[in-house]
$ cat run06.txt   # compact mmCIF, C-alpha atoms and all ligand atoms
# COMPACT_ATOMS: atom_id res chain seq x y z
CA MET A 1 -7.09 28.70 9.69
CA GLU A 2 -6.47 25.40 8.00
CA LYS A 3 -4.64 22.43 9.45
CA VAL A 4 -1.63 21.89 7.17
CA PHE A 5 0.18 19.20 9.15
CA SER A 6 -1.26 16.63 11.49
CA HIS A 7 -1.11 13.06 12.59
CA PRO A 8 -1.61 10.55 9.72
CA LYS A 9 -4.65 8.27 10.15
CA SER A 10 -2.50 5.14 9.84
CA LEU A 11 -0.43 6.09 12.89
CA ARG A 12 -2.03 5.54 16.27
CA ASN A 13 -2.03 8.60 18.50
CA VAL A 14 -0.01 6.93 21.24
CA SER A 15 3.32 7.57 22.87
CA THR A 16 6.01 5.25 21.51
CA HIS A 17 8.65 3.49 23.61
CA TYR A 18 11.45 5.01 21.52
CA CYS A 19 14.09 7.23 23.10
CA ALA A 20 13.90 11.01 22.66
CA GLY A 21 15.21 11.95 19.23
CA CYS A 22 15.13 8.39 17.81
CA GLY A 23 14.62 8.20 14.05
CA HIS A 24 12.18 5.27 14.22
CA GLY A 25 9.35 7.68 15.06
CA ILE A 26 10.01 9.72 11.91
CA ALA A 27 10.24 6.60 9.73
CA HIS A 28 6.99 5.21 11.21
CA ARG A 29 5.22 8.48 10.48
CA LEU A 30 6.48 8.61 6.87
CA ILE A 31 5.20 5.09 6.20
CA ALA A 32 1.81 5.96 7.76
CA GLU A 33 1.54 9.13 5.66
CA ILE A 34 2.33 7.18 2.48
CA VAL A 35 -0.19 4.44 3.31
CA ASP A 36 -2.83 7.17 3.75
CA GLU A 37 -1.82 9.00 0.57
CA LEU A 38 -1.80 5.86 -1.59
CA GLY A 39 -5.15 4.80 -0.11
CA ILE A 40 -3.87 1.31 0.72
CA ARG A 41 -4.71 1.15 4.43
CA GLU A 42 -7.12 -1.75 3.89
CA ARG A 43 -4.61 -3.63 1.70
CA VAL A 44 -1.28 -3.09 3.41
CA ILE A 45 0.38 -5.69 5.65
CA GLY A 46 3.53 -4.71 7.54
CA VAL A 47 6.03 -7.21 8.88
CA ALA A 48 7.70 -6.00 12.09
CA PRO A 49 11.27 -7.03 12.94
CA VAL A 50 13.06 -7.98 16.10
CA GLY A 51 14.98 -5.01 17.39
CA CYS A 52 13.90 -1.63 18.73
CA ALA A 53 10.95 -1.59 16.31
CA VAL A 54 9.68 -4.98 17.53
CA ILE A 55 6.31 -3.53 18.57
CA ALA A 56 5.87 -1.28 15.52
CA TYR A 57 2.48 -3.01 15.04
CA ASP A 58 1.27 -1.21 18.17
CA TYR A 59 1.95 2.11 16.47
CA TRP A 60 0.63 1.57 12.94
CA ASP A 61 -3.09 1.40 12.54
CA PHE A 62 -3.18 -1.27 9.81
CA ASP A 63 -2.57 -5.01 9.62
CA CYS A 64 0.83 -6.28 10.67
CA SER A 65 2.62 -9.52 11.40
CA GLU A 66 5.64 -10.18 13.56
CA ALA A 67 8.58 -12.26 12.35
CA ALA A 68 11.34 -14.14 14.14
CA HIS A 69 14.62 -12.25 14.24
CA GLY A 70 15.88 -11.62 10.72
CA ARG A 71 13.10 -13.60 9.06
CA ALA A 72 10.87 -10.68 8.06
CA LEU A 73 11.49 -11.20 4.34
CA ALA A 74 10.70 -14.92 4.56
CA VAL A 75 7.40 -14.06 6.29
CA ALA A 76 6.70 -11.29 3.75
CA THR A 77 7.38 -13.73 0.89
CA GLY A 78 4.79 -16.13 2.31
CA ILE A 79 2.16 -13.43 2.81
CA LYS A 80 2.68 -11.88 -0.64
CA ARG A 81 2.56 -15.22 -2.46
CA VAL A 82 -0.65 -16.30 -0.72
CA ARG A 83 -2.26 -12.85 -0.87
CA PRO A 84 -0.83 -11.09 -3.95
CA GLN A 85 -3.62 -8.49 -3.74
CA ASN A 86 -2.09 -7.13 -0.51
CA ILE A 87 0.73 -4.61 -0.29
CA VAL A 88 3.39 -6.23 1.89
CA PHE A 89 6.36 -4.47 3.42
CA THR A 90 9.03 -5.32 5.96
CA TYR A 91 10.49 -2.84 8.43
CA GLN A 92 13.92 -4.04 9.57
CA GLY A 93 16.96 -2.72 11.37
CA ASP A 94 20.59 -3.33 10.43
CA GLY A 95 21.04 -6.22 12.86
CA ASP A 96 17.85 -7.86 11.65
CA LEU A 97 18.31 -7.35 7.91
CA ALA A 98 22.11 -7.44 7.56
CA ALA A 99 23.26 -9.82 10.32
CA ILE A 100 20.93 -12.56 11.49
CA GLY A 101 18.66 -12.18 8.47
CA THR A 102 21.31 -11.84 5.74
CA ASN A 103 20.32 -15.19 4.28
CA GLU A 104 16.60 -14.38 4.07
CA THR A 105 17.34 -10.88 2.76
CA ILE A 106 19.64 -12.02 -0.05
CA HIS A 107 17.45 -14.87 -1.21
CA ALA A 108 14.19 -12.88 -1.14
CA ALA A 109 15.96 -10.18 -3.17
CA ASN A 110 17.44 -12.75 -5.54
CA ARG A 111 14.02 -14.29 -6.12
CA GLY A 112 12.74 -10.79 -6.87
CA GLU A 113 9.80 -11.02 -4.48
CA ASN A 114 7.40 -8.16 -5.19
CA VAL A 115 7.64 -6.65 -1.71
CA THR A 116 8.85 -3.37 -0.20
CA VAL A 117 11.70 -3.29 2.31
CA ILE A 118 12.26 -0.41 4.71
CA PHE A 119 15.75 -0.84 6.11
CA ILE A 120 16.68 1.29 9.12
CA ASN A 121 20.45 1.72 9.36
CA ASN A 122 21.52 3.28 12.66
CA ALA A 123 24.92 1.57 12.78
CA VAL A 124 24.26 -0.11 16.11
CA TYR A 125 22.14 -2.74 17.88
CA GLY A 126 19.67 -0.69 19.88
CA MET A 127 17.31 -3.01 21.72
CA THR A 128 19.98 -5.33 23.06
CA GLY A 129 22.19 -2.57 24.45
CA GLY A 130 24.24 -0.77 21.83
CA GLN A 131 26.45 -3.58 20.52
CA MET A 132 28.35 -3.43 17.21
CA ALA A 133 26.16 -4.02 14.16
CA PRO A 134 27.34 -5.05 10.67
CA THR A 135 26.93 -1.39 9.68
CA THR A 136 28.91 0.08 12.61
CA LEU A 137 31.47 2.54 11.23
CA LEU A 138 35.23 2.05 11.52
CA GLY A 139 36.36 3.67 14.74
CA GLN A 140 32.81 3.86 16.11
CA LYS A 141 32.58 3.02 19.81
CA THR A 142 29.86 0.58 20.83
CA THR A 143 29.45 -1.57 23.93
CA THR A 144 31.25 -4.45 22.16
CA THR A 145 33.85 -2.24 20.45
CA PRO A 146 34.80 -0.01 23.37
CA LEU A 147 37.96 1.12 21.57
CA GLY A 148 36.18 1.60 18.25
CA ARG A 149 35.56 -0.79 15.37
CA GLU A 150 38.79 -2.07 13.82
CA ILE A 151 39.18 -3.61 10.38
CA LYS A 152 41.47 -6.39 11.59
CA LEU A 153 39.19 -7.50 14.36
CA HIS A 154 35.71 -6.72 13.06
CA GLY A 155 35.91 -6.21 9.30
CA TYR A 156 34.46 -3.36 7.30
CA PRO A 157 30.97 -1.85 7.65
CA LEU A 158 28.70 -4.02 5.51
CA LYS A 159 27.14 -2.24 2.54
CA ILE A 160 24.28 -4.59 2.02
CA SER A 161 22.31 -2.22 -0.21
CA GLU A 162 25.19 -2.05 -2.70
CA MET A 163 25.52 -5.84 -2.53
CA LEU A 164 21.81 -6.38 -3.20
CA ALA A 165 21.95 -3.96 -6.13
CA LEU A 166 24.12 -6.51 -7.97
CA LEU A 167 21.23 -8.99 -8.11
CA PRO A 168 19.32 -8.87 -11.41
CA ALA A 169 15.89 -9.38 -9.78
CA VAL A 170 16.25 -6.29 -7.58
CA LYS A 171 14.41 -3.36 -9.14
CA TYR A 172 14.92 -0.36 -6.89
CA ILE A 173 17.32 0.56 -4.08
CA GLU A 174 17.84 4.02 -2.64
CA ARG A 175 19.64 5.26 0.48
CA VAL A 176 18.12 8.26 2.25
CA SER A 177 18.71 10.09 5.51
CA LEU A 178 16.60 11.65 8.27
CA HIS A 179 19.08 14.34 9.32
CA SER A 180 17.01 17.41 8.34
CA PRO A 181 13.47 18.31 7.20
CA PRO A 182 14.45 18.55 3.49
CA GLU A 183 16.12 15.12 3.66
CA ILE A 184 13.04 13.71 5.42
CA ILE A 185 10.90 14.98 2.53
CA LYS A 186 13.25 13.24 0.06
CA ALA A 187 13.15 10.07 2.17
CA LYS A 188 9.39 10.10 1.94
CA GLU A 189 9.52 10.31 -1.86
CA ALA A 190 11.84 7.30 -1.99
CA ILE A 191 9.64 5.23 0.34
CA LYS A 192 6.58 6.16 -1.67
CA LEU A 193 8.26 4.97 -4.88
CA ALA A 194 9.16 1.69 -3.18
CA PHE A 195 5.47 1.16 -2.36
CA GLN A 196 4.31 2.33 -5.79
CA ASN A 197 6.68 -0.17 -7.44
CA GLN A 198 4.93 -2.98 -5.61
CA ILE A 199 1.48 -1.67 -6.58
CA ASP A 200 2.68 -1.55 -10.22
CA ASN A 201 4.12 -5.09 -9.94
CA ILE A 202 7.62 -3.88 -10.70
CA GLY A 203 9.32 -6.00 -8.04
CA PHE A 204 11.73 -6.00 -5.11
CA SER A 205 12.28 -2.45 -3.81
CA LEU A 206 14.36 -1.40 -0.83
CA VAL A 207 14.94 1.93 0.89
CA GLU A 208 17.81 2.18 3.35
CA ILE A 209 17.24 4.97 5.87
CA LEU A 210 20.15 6.46 7.83
CA SER A 211 18.49 7.03 11.17
CA PRO A 212 19.76 8.53 14.44
CA CYS A 213 20.23 6.54 17.65
CA PRO A 214 21.19 9.32 20.11
CA THR A 215 21.23 6.91 23.05
CA TYR A 216 23.82 4.44 21.77
CA TRP A 217 25.77 7.02 19.83
CA ASP A 218 26.01 8.82 23.15
CA MET A 219 25.02 12.18 21.68
CA PRO A 220 22.24 14.72 22.14
CA PRO A 221 19.57 14.32 19.39
CA LYS A 222 20.68 17.30 17.29
CA LYS A 223 24.30 16.20 17.41
CA ALA A 224 23.24 12.74 16.26
CA LEU A 225 21.65 14.32 13.17
CA ASP A 226 24.85 16.26 12.49
CA TRP A 227 26.85 13.04 12.88
CA ILE A 228 24.78 11.37 10.16
CA LYS A 229 25.52 14.25 7.81
CA GLU A 230 29.19 14.70 8.67
CA VAL A 231 30.36 11.15 9.43
CA MET A 232 27.88 8.43 8.54
CA MET A 233 27.09 9.72 5.04
CA LYS A 234 30.79 9.47 4.10
CA GLU A 235 30.64 5.70 4.56
CA PHE A 236 27.03 5.36 3.41
CA PRO A 237 26.46 7.97 0.67
CA ILE A 238 22.82 8.80 0.09
CA GLY A 239 21.17 8.62 -3.30
CA ARG A 240 19.81 6.09 -5.73
CA ILE A 241 21.85 2.87 -5.79
CA LYS A 242 19.73 1.05 -8.39
CA MET B 1 -0.53 34.29 10.86
CA ALA B 2 0.26 30.59 11.14
CA LYS B 3 0.58 28.71 14.41
CA ILE B 4 1.44 25.30 15.83
CA ILE B 5 -0.10 23.24 18.62
CA ILE B 6 2.24 20.98 20.59
CA ASP B 7 1.03 17.89 22.44
CA ARG B 8 2.99 18.56 25.62
CA GLU B 9 2.22 15.16 27.18
CA LYS B 10 3.63 13.25 24.19
CA CYS B 11 6.70 15.48 23.88
CA LYS B 12 9.96 13.77 24.90
CA GLY B 13 11.97 16.97 25.04
CA CYS B 14 14.43 16.01 22.29
CA LEU B 15 14.58 19.69 21.25
CA LEU B 16 14.90 18.92 17.53
CA CYS B 17 11.99 21.24 16.76
CA VAL B 18 13.78 24.00 18.68
CA SER B 19 16.86 23.50 16.48
CA PHE B 20 14.97 23.60 13.19
CA CYS B 21 12.39 26.38 13.70
CA PRO B 22 13.76 29.18 11.50
CA LYS B 23 12.00 31.80 13.63
CA GLY B 24 13.04 30.78 17.12
CA LEU B 25 9.45 30.35 18.29
CA ILE B 26 9.87 27.11 20.23
CA SER B 27 11.44 26.94 23.67
CA VAL B 28 11.57 24.68 26.71
CA ASP B 29 8.69 24.84 29.18
CA LYS B 30 9.54 25.32 32.84
CA ASP B 31 7.11 22.64 34.09
CA LEU B 32 7.50 18.89 33.67
CA ASN B 33 4.93 16.80 31.81
CA ARG B 34 3.62 13.41 32.98
CA ARG B 35 6.60 11.63 31.40
CA GLY B 36 8.84 13.64 33.70
CA VAL B 37 10.52 15.67 30.97
CA LYS B 38 10.33 19.36 30.25
CA PRO B 39 8.36 19.60 27.00
CA VAL B 40 8.62 22.44 24.54
CA LYS B 41 6.19 25.29 24.09
CA PHE B 42 5.31 27.61 21.23
CA SER B 43 5.33 31.38 21.43
CA PRO B 44 3.86 33.49 18.64
CA ARG B 45 6.83 35.86 18.97
CA PRO B 46 10.51 34.83 18.83
CA VAL B 47 11.90 33.70 22.16
CA LEU B 48 15.35 32.56 21.14
CA ARG B 49 17.99 35.13 20.39
CA SER B 50 20.27 33.03 18.19
CA PRO B 51 19.54 29.96 16.08
CA GLN B 52 20.33 26.54 17.52
CA GLY B 53 20.32 24.79 14.19
CA GLU B 54 21.59 25.40 10.68
CA GLY B 55 21.34 28.70 8.90
CA GLY B 56 22.48 32.20 9.75
CA SER B 57 20.15 34.18 11.91
CA PHE B 58 16.46 34.47 12.60
CA SER B 59 14.43 36.69 10.38
CA LYS B 60 11.85 38.78 12.15
CA GLY B 61 8.23 37.85 12.48
CA GLY B 62 5.99 35.03 13.60
CA CYS B 63 5.22 31.49 12.52
CA LEU B 64 5.53 30.75 8.80
CA GLY B 65 3.56 27.53 8.93
CA CYS B 66 6.58 25.93 7.25
CA ALA B 67 6.16 22.73 9.34
CA MET B 68 9.93 22.23 9.80
CA CYS B 69 9.21 21.51 13.46
CA ALA B 70 6.47 18.99 12.67
CA ILE B 71 8.52 17.20 10.00
CA ILE B 72 11.53 16.70 12.28
CA CYS B 73 9.48 15.75 15.40
CA PRO B 74 10.06 12.02 15.94
CA ASP B 75 6.98 11.76 18.12
CA CYS B 76 4.41 13.45 15.92
CA CYS B 77 3.60 15.97 18.66
CA ILE B 78 3.07 19.03 16.45
CA GLU B 79 0.08 20.18 14.42
CA VAL B 80 0.52 23.14 12.07
CA TYR B 81 -2.23 25.62 11.14
CA LYS B 82 -1.95 28.20 8.39
S1 LIG A 301 5.77 26.03 11.44
FE1 LIG A 301 7.85 26.81 10.96
S2 LIG A 301 7.89 28.92 11.80
FE2 LIG A 301 6.09 27.88 12.71
S3 LIG A 301 6.88 27.09 14.68
FE3 LIG A 301 7.11 25.41 13.16
S4 LIG A 301 9.19 25.66 12.35
FE4 LIG A 301 8.68 27.59 13.44
S1 LIG A 302 10.65 17.53 18.28
FE1 LIG A 302 8.71 16.74 19.18
S2 LIG A 302 9.36 15.45 20.93
FE2 LIG A 302 11.14 16.69 20.34
S3 LIG A 302 11.02 18.51 21.70
FE3 LIG A 302 9.92 19.04 19.78
S4 LIG A 302 7.76 18.53 20.15
FE4 LIG A 302 8.98 17.51 21.75
$ encode --input "run06.txt" --output "structure tokens" --more "lines below"
Ligand code: SF4
Ligand code: SF4
Amino acid sequence: MEKVFSHPKSLRNVSTHYCAGCGHGIAHRLIAEIVDELGIRERVIGVAPVGCAVIAYDYWDFDCSEAAHGRALAVATGIKRVRPQNIVFTYQGDGDLAAIGTNETIHAANRGENVTVIFINNAVYGMTGGQMAPTTLLGQKTTTTPLGREIKLHGYPLKISEMLALLPAVKYIERVSLHSPPEIIKAKEAIKLAFQNQIDNIGFSLVEILSPCPTYWDMPPKKALDWIKEVMMKEFPIGRIK
Amino acid sequence: MAKIIIDREKCKGCLLCVSFCPKGLISVDKDLNRRGVKPVKFSPRPVLRSPQGEGGSFSKGGCLGCAMCAIICPDCCIEVYK
């Protein structure tokens, strides 16, 4: 009998602090598998965000840096410019990338930094207690929108990937989802392309991942996956954006 | 025939693997693990009568080695052998 699926080398065999059914674990594993497959474990440098994934560097078994909240792309810019031989990626949530870090995100994209961005969109602030995020859906209940997000009071869900796609220096943007094994396989292909683009010096590449947060969506894990497919993907359609 | 090995101490009991196994081979263990949750266990023969996830009904037979369970597991608890 042959082992056909096991733990990637670039992922430490430890228990994560994530809630049961949280999509971060799947996204971490996909990145680790890709780092192994591309043979870049000695060259890759990850930049961890502030948010639920703040200690992602404890889970990946390769070099990482931490960044102040929202500043991951500024830190990644610095690392990549000083060490262009390294493969630099940021791993950021919606609050990090699309709220406090909007400035850094837009300008790094506009400068066309040759880095890879993994953007986890779970439509909520997880670490701080389930508050509304820029990507929270209309009508979605969070701890700061107990009656649901309203256009008049809170504005529309922010489609930052579509906004970034307008910038000429941005080379690749795709939105993927983790709601089923086939979609996870497609998500992996997109992430791999975003890394390959950097290796080939193509330029700024971003993958937005629709990822479940069963805890702050107040749903069992399987229902959270169904919610992505039935509700979230209507607002955030998956597929190649640029 | 294929099989899977589940790391019962790492398992958080999210039950996603139970929902996606097309053969109904994964079910909840009766004993708690060290985390204090009931992990899942693998049986070479189907233990569930109707599917929890997508799709119609279970086809007969044992593990396919399809790795649906391992791909969906957020905690990388499952190894697949074929
Ligand atoms: S490999 Fe496929 S058939 Fe075997 S237990 Fe996992 S999901 Fe079920
Ligand atoms: S998907 Fe993983 S963590 Fe969830 S119940 Fe199955 S083995 Fe446990």
$ residues_around --input "run06.txt" --residues "Val44 (chain A)" --least-positions-apart "5" --cutoff "6 Å" --atoms "all atoms listed in the file" --output "tab-separated table (two decimals) with C-alpha atoms, in the coordinates of the input"
chain	number	residue	atom	x	y	z
A	86	ASN	CA	-2.09	-7.13	-0.51
A	87	ILE	CA	0.73	-4.61	-0.29
A	88	VAL	CA	3.39	-6.23	1.89
$ interface_residues --input "run06.txt" --of "chain A" --to "chain B" --cutoff "7 Å" --atoms "all atoms listed in the file" --output "MDAnalysis selection string"
chainID A and resid 1:7 15 20:23 25:26 180:181 221:222
$ atom_distance --input "run06.txt" --atom1 "CA of Val28 (chain B)" --atom2 "CA of Ile209 (chain A)"
29.2 Å
$ axis_aligned_box --input "run06.txt" --around "ligand LIG 301 (chain A)" --padding-each-side "6 Å" --output "lines of an AutoDock Vina configuration file"
center_x = 7.5
center_y = 27.2
center_z = 12.8
size_x = 15.4
size_y = 15.5
size_z = 15.7
$ atom_distance --input "run06.txt" --atom1 "CA of Ala32 (chain A)" --atom2 "CA of Asp63 (chain A)"
12.0 Å
$ residues_around --input "run06.txt" --residues "Lys152 (chain A)" --least-positions-apart "3" --cutoff "12 Å" --atoms "all atoms listed in the file" --output "JSON, numbers by chain"
{"A": [138, 139, 148, 149, 155, 156]}
$ write_last_selection --input "run06.txt" --atoms "C-alpha atoms" --output "PDB file, keeping the file's coordinate frame"
ATOM      1  CA  LEU A 138      35.230   2.050  11.520  1.00  0.00           C
ATOM      2  CA  GLY A 139      36.360   3.670  14.740  1.00  0.00           C
ATOM      3  CA  GLY A 148      36.180   1.600  18.250  1.00  0.00           C
ATOM      4  CA  ARG A 149      35.560  -0.790  15.370  1.00  0.00           C
ATOM      5  CA  GLY A 155      35.910  -6.210   9.300  1.00  0.00           C
ATOM      6  CA  TYR A 156      34.460  -3.360   7.300  1.00  0.00           C
TER       7      TYR A 156
END
$ residues_around --input "run06.txt" --residues "region 108-116 of chain A" --least-positions-apart "2" --cutoff "9 Å" --atoms "all atoms listed in the file" --output "CSV table (one decimal) with C-alpha atoms, keeping the file's coordinate frame"
chain,number,residue,atom,x,y,z
A,73,LEU,CA,11.5,-11.2,4.3
A,74,ALA,CA,10.7,-14.9,4.6
A,76,ALA,CA,6.7,-11.3,3.8
A,77,THR,CA,7.4,-13.7,0.9
A,80,LYS,CA,2.7,-11.9,-0.6
A,81,ARG,CA,2.6,-15.2,-2.5
A,84,PRO,CA,-0.8,-11.1,-4.0
A,87,ILE,CA,0.7,-4.6,-0.3
A,88,VAL,CA,3.4,-6.2,1.9
A,89,PHE,CA,6.4,-4.5,3.4
A,90,THR,CA,9.0,-5.3,6.0
A,91,TYR,CA,10.5,-2.8,8.4
A,103,ASN,CA,20.3,-15.2,4.3
A,104,GLU,CA,16.6,-14.4,4.1
A,105,THR,CA,17.3,-10.9,2.8
A,106,ILE,CA,19.6,-12.0,0.0
A,118,ILE,CA,12.3,-0.4,4.7
A,164,LEU,CA,21.8,-6.4,-3.2
A,167,LEU,CA,21.2,-9.0,-8.1
A,168,PRO,CA,19.3,-8.9,-11.4
A,169,ALA,CA,15.9,-9.4,-9.8
A,170,VAL,CA,16.2,-6.3,-7.6
A,171,LYS,CA,14.4,-3.4,-9.1
A,191,ILE,CA,9.6,5.2,0.3
A,194,ALA,CA,9.2,1.7,-3.2
A,195,PHE,CA,5.5,1.2,-2.4
A,197,ASN,CA,6.7,-0.2,-7.4
A,198,GLN,CA,4.9,-3.0,-5.6
A,199,ILE,CA,1.5,-1.7,-6.6
A,201,ASN,CA,4.1,-5.1,-9.9
A,202,ILE,CA,7.6,-3.9,-10.7
A,203,GLY,CA,9.3,-6.0,-8.0
A,204,PHE,CA,11.7,-6.0,-5.1
A,205,SER,CA,12.3,-2.4,-3.8
A,206,LEU,CA,14.4,-1.4,-0.8
A,207,VAL,CA,14.9,1.9,0.9
$ atom_distance --input "run06.txt" --atom1 "atom FE4 of ligand LIG 302 (chain A)" --atom2 "CA of Phe42 (chain B)"
10.8 Å
